[in-house]
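Heads up, query28.pdb below (PDB, C-alpha atoms):
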```
ATOM      1  CA  MET U 675      82.430 145.718 156.200  1.00  0.00           C
ATOM      2  CA  LYS U 676      82.306 142.128 155.310  1.00  0.00           C
ATOM      3  CA  LYS U 677      84.734 140.623 152.909  1.00  0.00           C
ATOM      4  CA  HIS U 678      83.178 138.650 150.164  1.00  0.00           C
ATOM      5  CA  LYS U 679      84.505 135.232 149.610  1.00  0.00           C
ATOM      6  CA  ARG U 680      85.790 134.770 146.116  1.00  0.00           C
ATOM      7  CA  LEU U 681      83.894 132.044 144.283  1.00  0.00           C
ATOM      8  CA  LYS U 682      86.069 129.338 142.848  1.00  0.00           C
ATOM      9  CA  GLY U 683      85.375 128.052 139.348  1.00  0.00           C
ATOM     10  CA  MET U 684      86.757 127.907 135.858  1.00  0.00           C
ATOM     11  CA  THR U 685      87.476 131.008 133.898  1.00  0.00           C
ATOM     12  CA  ILE U 686      86.671 131.452 130.237  1.00  0.00           C
ATOM     13  CA  VAL U 687      90.366 131.103 129.395  1.00  0.00           C
ATOM     14  CA  GLU U 688      90.518 127.725 131.145  1.00  0.00           C
ATOM     15  CA  ILE U 689      87.393 126.546 129.338  1.00  0.00           C
ATOM     16  CA  MET U 690      88.842 127.660 125.986  1.00  0.00           C
ATOM     17  CA  LEU U 691      92.109 125.855 126.674  1.00  0.00           C
ATOM     18  CA  ALA U 692      90.258 122.674 127.657  1.00  0.00           C
ATOM     19  CA  LEU U 693      88.139 122.839 124.482  1.00  0.00           C
ATOM     20  CA  ALA U 694      91.199 123.436 122.296  1.00  0.00           C
ATOM     21  CA  LEU U 695      92.999 120.472 123.873  1.00  0.00           C
ATOM     22  CA  MET U 696      89.929 118.253 123.472  1.00  0.00           C
ATOM     23  CA  MET U 697      89.575 119.276 119.810  1.00  0.00           C
ATOM     24  CA  ALA U 698      93.239 118.494 119.123  1.00  0.00           C
ATOM     25  CA  VAL U 699      92.880 115.034 120.656  1.00  0.00           C
ATOM     26  CA  MET U 700      89.674 114.369 118.683  1.00  0.00           C
ATOM     27  CA  ALA U 701      91.280 115.570 115.440  1.00  0.00           C
ATOM     28  CA  GLY U 702      94.164 113.147 115.978  1.00  0.00           C
ATOM     29  CA  ALA U 703      91.765 110.280 116.699  1.00  0.00           C
ATOM     30  CA  PHE U 704      89.625 111.030 113.632  1.00  0.00           C
ATOM     31  CA  SER U 705      92.751 111.305 111.485  1.00  0.00           C
ATOM     32  CA  ALA U 706      93.913 107.876 112.651  1.00  0.00           C
ATOM     33  CA  ILE U 707      90.484 106.355 112.003  1.00  0.00           C
ATOM     34  CA  TYR U 708      90.361 107.935 108.535  1.00  0.00           C
ATOM     35  CA  TYR U 709      93.816 106.550 107.712  1.00  0.00           C
ATOM     36  CA  VAL U 710      92.800 103.037 108.805  1.00  0.00           C
ATOM     37  CA  LEU U 711      89.600 103.189 106.743  1.00  0.00           C
ATOM     38  CA  GLN U 712      91.439 104.450 103.641  1.00  0.00           C
ATOM     39  CA  ASN U 713      94.044 101.722 104.023  1.00  0.00           C
ATOM     40  CA  ASN U 714      91.277  99.129 104.359  1.00  0.00           C
ATOM     41  CA  VAL U 715      89.551 100.398 101.189  1.00  0.00           C
ATOM     42  CA  ALA U 716      92.837 100.217  99.250  1.00  0.00           C
ATOM     43  CA  THR U 717      93.449  96.672 100.499  1.00  0.00           C
ATOM     44  CA  VAL U 718      89.946  95.567  99.505  1.00  0.00           C
ATOM     45  CA  LYS U 719      90.388  97.068  96.005  1.00  0.00           C
ATOM     46  CA  LEU U 720      93.752  95.327  95.580  1.00  0.00           C
ATOM     47  CA  GLU U 721      92.313  91.972  96.675  1.00  0.00           C
ATOM     48  CA  GLU U 722      89.329  92.421  94.364  1.00  0.00           C
ATOM     49  CA  ASP U 723      91.693  93.244  91.487  1.00  0.00           C
ATOM     50  CA  ARG U 724      93.842  90.198  92.276  1.00  0.00           C
ATOM     51  CA  TYR U 725      90.747  87.970  92.380  1.00  0.00           C
ATOM     52  CA  ASN U 726      89.408  89.308  89.065  1.00  0.00           C
ATOM     53  CA  VAL U 727      92.742  88.864  87.280  1.00  0.00           C
ATOM     54  CA  ARG U 728      93.158  85.331  88.614  1.00  0.00           C
ATOM     55  CA  MET U 729      89.616  84.386  87.589  1.00  0.00           C
ATOM     56  CA  ALA U 730      90.266  85.721  84.072  1.00  0.00           C
ATOM     57  CA  LEU U 731      93.480  83.673  83.866  1.00  0.00           C
ATOM     58  CA  LEU U 732      91.664  80.602  85.141  1.00  0.00           C
ATOM     59  CA  SER U 733      88.917  81.004  82.521  1.00  0.00           C
ATOM     60  CA  ILE U 734      91.435  81.378  79.689  1.00  0.00           C
ATOM     61  CA  SER U 735      93.454  78.391  80.964  1.00  0.00           C
ATOM     62  CA  ARG U 736      90.351  76.215  81.186  1.00  0.00           C
ATOM     63  CA  GLU U 737      89.241  77.226  77.719  1.00  0.00           C
ATOM     64  CA  THR U 738      92.673  76.405  76.327  1.00  0.00           C
ATOM     65  CA  HIS U 739      92.811  72.994  78.029  1.00  0.00           C
ATOM     66  CA  ARG U 740      89.248  71.951  77.210  1.00  0.00           C
ATOM     67  CA  THR U 741      89.097  73.089  73.618  1.00  0.00           C
ATOM     68  CA  LEU U 742      92.606  72.822  72.194  1.00  0.00           C
ATOM     69  CA  GLU U 743      93.233  69.115  72.233  1.00  0.00           C
ATOM     70  CA  ASN U 744      96.755  68.821  70.844  1.00  0.00           C
ATOM     71  CA  LEU U 745      96.144  71.485  68.214  1.00  0.00           C
ATOM     72  CA  PRO U 746      99.134  72.968  66.474  1.00  0.00           C
ATOM     73  CA  GLU U 747     100.240  76.417  67.522  1.00  0.00           C
ATOM     74  CA  GLU U 748      99.037  77.778  64.161  1.00  0.00           C
ATOM     75  CA  ASN U 749      95.506  77.602  65.607  1.00  0.00           C
ATOM     76  CA  VAL U 750      96.423  80.175  68.235  1.00  0.00           C
ATOM     77  CA  ASP U 751      96.989  83.847  67.384  1.00  0.00           C
ATOM     78  CA  VAL U 752      98.776  85.812  70.088  1.00  0.00           C
ATOM     79  CA  GLY U 753      99.880  89.365  70.627  1.00  0.00           C
ATOM     80  CA  ASP U 754      99.737  92.452  72.748  1.00  0.00           C
ATOM     81  CA  GLY U 755      96.120  92.963  73.781  1.00  0.00           C
ATOM     82  CA  TYR U 756      94.594  89.855  72.244  1.00  0.00           C
ATOM     83  CA  LEU U 757      94.477  86.057  72.119  1.00  0.00           C
ATOM     84  CA  THR U 758      92.550  84.121  69.469  1.00  0.00           C
ATOM     85  CA  LEU U 759      91.870  80.385  69.705  1.00  0.00           C
ATOM     86  CA  HIS U 760      90.739  78.639  66.501  1.00  0.00           C
ATOM     87  CA  ILE U 761      88.947  75.582  67.831  1.00  0.00           C
ATOM     88  CA  GLN U 762      87.895  72.463  65.984  1.00  0.00           C
ATOM     89  CA  GLY U 763      84.526  72.747  64.250  1.00  0.00           C
ATOM     90  CA  GLY U 764      85.024  76.314  63.064  1.00  0.00           C
ATOM     91  CA  VAL U 765      84.610  77.931  66.496  1.00  0.00           C
ATOM     92  CA  THR U 766      86.768  80.958  67.250  1.00  0.00           C
ATOM     93  CA  VAL U 767      87.251  82.390  70.722  1.00  0.00           C
ATOM     94  CA  LYS U 768      88.887  85.790  70.924  1.00  0.00           C
ATOM     95  CA  TYR U 769      90.046  87.552  74.095  1.00  0.00           C
ATOM     96  CA  THR U 770      90.703  91.258  73.534  1.00  0.00           C
ATOM     97  CA  LEU U 771      91.653  94.170  75.722  1.00  0.00           C
ATOM     98  CA  ASN U 772      89.145  96.808  74.681  1.00  0.00           C
ATOM     99  CA  GLY U 773      89.205 100.164  76.448  1.00  0.00           C
ATOM    100  CA  GLY U 774      90.731  98.720  79.603  1.00  0.00           C
ATOM    101  CA  VAL U 775      88.334  95.749  79.732  1.00  0.00           C
ATOM    102  CA  LEU U 776      89.315  92.182  78.846  1.00  0.00           C
ATOM    103  CA  GLU U 777      86.428  90.781  76.794  1.00  0.00           C
ATOM    104  CA  ARG U 778      85.690  87.361  75.310  1.00  0.00           C
ATOM    105  CA  ASN U 779      83.868  86.840  72.015  1.00  0.00           C
ATOM    106  CA  VAL U 780      82.892  83.475  70.552  1.00  0.00           C
ATOM    107  CA  THR U 781      81.982  83.053  66.878  1.00  0.00           C
ATOM    108  CA  GLY U 782      80.844  79.965  64.973  1.00  0.00           C
ATOM    109  CA  GLY U 783      79.439  78.150  68.013  1.00  0.00           C
ATOM    110  CA  ASN U 784      79.559  78.340  71.759  1.00  0.00           C
ATOM    111  CA  SER U 785      81.848  77.447  74.617  1.00  0.00           C
ATOM    112  CA  PRO U 786      80.960  76.100  78.082  1.00  0.00           C
ATOM    113  CA  ILE U 787      83.472  78.406  79.782  1.00  0.00           C
ATOM    114  CA  VAL U 788      81.990  81.254  81.824  1.00  0.00           C
ATOM    115  CA  PHE U 789      83.875  84.506  81.462  1.00  0.00           C
ATOM    116  CA  ILE U 790      83.145  87.798  83.197  1.00  0.00           C
ATOM    117  CA  PRO U 791      84.799  90.857  81.609  1.00  0.00           C
ATOM    118  CA  VAL U 792      87.540  92.237  83.851  1.00  0.00           C
ATOM    119  CA  ASN U 793      89.208  95.670  84.037  1.00  0.00           C
ATOM    120  CA  LEU U 794      92.898  95.518  83.141  1.00  0.00           C
ATOM    121  CA  THR U 795      95.687  97.892  82.234  1.00  0.00           C
ATOM    122  CA  GLY U 796      97.495  95.324  80.092  1.00  0.00           C
ATOM    123  CA  PHE U 797      97.085  91.916  78.444  1.00  0.00           C
ATOM    124  CA  THR U 798      99.765  90.067  76.505  1.00  0.00           C
ATOM    125  CA  SER U 799      99.873  86.547  75.102  1.00  0.00           C
ATOM    126  CA  SER U 800     102.786  84.734  73.499  1.00  0.00           C
ATOM    127  CA  ILE U 801     103.742  81.208  72.411  1.00  0.00           C
ATOM    128  CA  ASN U 802     106.961  79.321  72.996  1.00  0.00           C
ATOM    129  CA  GLY U 803     106.639  75.877  71.454  1.00  0.00           C
ATOM    130  CA  LYS U 804     103.552  74.186  72.905  1.00  0.00           C
ATOM    131  CA  TRP U 805     103.326  76.700  75.766  1.00  0.00           C
ATOM    132  CA  LEU U 806     101.053  79.726  75.890  1.00  0.00           C
ATOM    133  CA  THR U 807     102.205  82.529  78.196  1.00  0.00           C
ATOM    134  CA  LEU U 808      99.629  85.018  79.454  1.00  0.00           C
ATOM    135  CA  ILE U 809     100.434  88.262  81.244  1.00  0.00           C
ATOM    136  CA  LEU U 810      97.558  90.221  82.775  1.00  0.00           C
ATOM    137  CA  LYS U 811      98.102  93.567  84.457  1.00  0.00           C
ATOM    138  CA  GLY U 812      95.492  94.709  86.943  1.00  0.00           C
ATOM    139  CA  GLU U 813      94.384  98.215  87.781  1.00  0.00           C
ATOM    140  CA  HIS U 814      96.446  98.490  90.976  1.00  0.00           C
ATOM    141  CA  ASN U 815      99.999  97.747  89.744  1.00  0.00           C
ATOM    142  CA  LEU U 816      99.282  94.032  89.840  1.00  0.00           C
ATOM    143  CA  GLU U 817     100.830  91.738  87.252  1.00  0.00           C
ATOM    144  CA  ILE U 818     100.137  88.026  87.062  1.00  0.00           C
ATOM    145  CA  THR U 819     101.805  85.685  84.583  1.00  0.00           C
ATOM    146  CA  THR U 820     100.880  82.098  83.822  1.00  0.00           C
ATOM    147  CA  THR U 821     101.974  79.510  81.312  1.00  0.00           C
ATOM    148  CA  VAL U 822      99.438  77.097  79.817  1.00  0.00           C
ATOM    149  CA  SER U 823     100.152  73.964  77.796  1.00  0.00           C
ATOM    150  CA  LEU U 824      98.583  73.883  74.345  1.00  0.00           C
ATOM    151  CA  SER U 825      98.641  70.094  74.539  1.00  0.00           C
ATOM    152  CA  ARG U 826      96.800  67.676  76.840  1.00  0.00           C
ATOM    153  CA  THR U 827     100.057  65.804  77.221  1.00  0.00           C
ATOM    154  CA  PRO U 828     102.593  68.525  77.947  1.00  0.00           C
ATOM    155  CA  THR U 829     106.110  68.091  76.685  1.00  0.00           C
ATOM    156  CA  GLU U 830     109.174  69.307  78.511  1.00  0.00           C
ATOM    157  CA  ARG U 831     108.875  72.970  79.273  1.00  0.00           C
ATOM    158  CA  PHE U 832     111.298  75.403  77.658  1.00  0.00           C
TER     159      PHE U 832
END
```
Turn the structure described in the file into structure tokens.
Amino acid sequence: MKKHKRLKGMTIVEIMLALALMMAVMAGAFSAIYYVLQNNVATVKLEEDRYNVRMALLSISRETHRTLENLPEENVDVGDGYLTLHIQGGVTVKYTLNGGVLERNVTGGNSPIVFIPVNLTGFTSSINGKWLTLILKGEHNLEITTTVSLSRTPTERF
């Protein structure tokens, strides 16, 4: 009687172990890729928020400098959630935080300043002498503060 040679190959158990190991490695790789993508999305949103807040501050600063030529501080109303500029010629520009959006409304004329509404979680304006302080809080725990002179020829600060 002849002995049969045993065929060499992989058993089902070996194939299952190889598949399980391959799946574990792939799951780890996909998890790392997902983490990197999520981190990238968060970074892009933060940079977009920072850009929007800075552009809003720049627009308000420009409007203040171009339209309030040495006006007394009585022509500026400030507070939590709003800023009103009473400009020469009966023009009023009002910035308000309305439902999480900073908006700009002009009455009694027009203004050359371009303003795009921006999403914010907070907006505060205050006056100290001839200086207007603006605090804008973005959606992603971002807070930017700036101080703007209400005069074309700024006096000593604080």
List every residue of stretch 679-749 of chain U that has an atom at most 9 Å from any atom of stretch 813-818 of chain U, giving for each one its closest atom pair and the distance in Å to one decimal, counting all atoms listed in the file, sorted by chain and then by ascending residue number, as JSON lines.
```
{"residue": "U:Lys719", "atom": "CA", "partner": "U:His814", "partner_atom": "CA", "distance": 8.0}
{"residue": "U:Leu720", "atom": "CA", "partner": "U:His814", "partner_atom": "CA", "distance": 6.2}
{"residue": "U:Asp723", "atom": "CA", "partner": "U:Glu813", "partner_atom": "CA", "distance": 6.8}
{"residue": "U:Arg724", "atom": "CA", "partner": "U:Leu816", "partner_atom": "CA", "distance": 7.1}
{"residue": "U:Val727", "atom": "CA", "partner": "U:Ile818", "partner_atom": "CA", "distance": 7.4}
{"residue": "U:Arg728", "atom": "CA", "partner": "U:Ile818", "partner_atom": "CA", "distance": 7.6}
{"residue": "U:Leu731", "atom": "CA", "partner": "U:Ile818", "partner_atom": "CA", "distance": 8.6}
```
As AutoDock Vina command-line options, what would the box around stretch 750-755 of chain U look like: edges along x, y and z, 8 Å added on every side, centre and edge lengths in Å to one decimal?
```
--center_x 98.0 --center_y 86.6 --center_z 70.6 --size_x 19.8 --size_y 28.8 --size_z 22.4
```
Go through the shown structure with the PyMOL selection byres ((chain U and resi 761-764) around 8) and write out the matching residues as an MDAnalysis selection string.
chainID U and resid 741:742 749 759:760 765:767 782:783
Keeping only C-alpha atoms, write the selected residues as a PDB file, keeping the file's coordinate frame.
```
ATOM      1  CA  THR U 741      89.097  73.089  73.618  1.00  0.00           C
ATOM      2  CA  LEU U 742      92.606  72.822  72.194  1.00  0.00           C
ATOM      3  CA  ASN U 749      95.506  77.602  65.607  1.00  0.00           C
ATOM      4  CA  LEU U 759      91.870  80.385  69.705  1.00  0.00           C
ATOM      5  CA  HIS U 760      90.739  78.639  66.501  1.00  0.00           C
ATOM      6  CA  VAL U 765      84.610  77.931  66.496  1.00  0.00           C
ATOM      7  CA  THR U 766      86.768  80.958  67.250  1.00  0.00           C
ATOM      8  CA  VAL U 767      87.251  82.390  70.722  1.00  0.00           C
ATOM      9  CA  GLY U 782      80.844  79.965  64.973  1.00  0.00           C
ATOM     10  CA  GLY U 783      79.439  78.150  68.013  1.00  0.00           C
TER      11      GLY U 783
END
```
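Evaluated against this file, the PyMOL selection byres ((chain U and resi 824) around 6) yields Lys804, Trp805, Ser823 and Ser825 of chain U.
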Here atom CA of U:Ile809 and atom CA of U:Ile790 stand apart by 17.4 Å
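One finds atom CA of U:Ser705 at 22.2 Å from atom CA of U:Met690.
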Length of the atom CA of U:Asp751 to atom CA of U:Thr821 vector [Å]
15.4 Å
Out of U:Leu808, U:Ala694, U:Ile707, U:Ala730, which residue has the shortest atom-to-atom distance to U:Val775 when counting all atoms listed in the file?
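That would be U:Ala730, the residue with the smallest distance to U:Val775.
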Using all atoms listed in the file, which residue out of U:Val710, U:Leu794, U:Val788, U:Val752 lies closest to U:Asn772?
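Answer, going by the shortest atom-to-atom distance: U:Leu794.
Nearest to U:Lys768 of all the residues U:Leu810, U:Val822, U:Val750, U:Met729 is U:Val750, counting only C-alpha atoms.
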From the set U:Ile787, U:Leu757, U:Ile689, U:Ala703, which residue has the shortest atom-to-atom contact distance to U:Arg740, counting only C-alpha atoms?
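Nearest to U:Arg740: U:Ile787.
Compared by their closest atoms to U:Thr820, and using only C-alpha atoms, the residues U:Leu732, U:Gly755, U:Val780, U:His739 rank with U:Leu732 nearest.
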Tell me which of U:Tyr725, U:Tyr756, U:Tyr708, U:Phe789 sits closest to U:Tyr769, counting all atoms listed in the file.
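Checking each of U:Tyr725, U:Tyr756, U:Tyr708, U:Phe789 against U:Tyr769, counting all atoms listed in the file, the winner is U:Tyr756.
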Decode the PyMOL selection byres ((chain U and resi 776) around 6) for the given file into explicit residues and return them as JSON, numbers by chain.
{"U": [770, 771, 775, 777, 791, 792]}
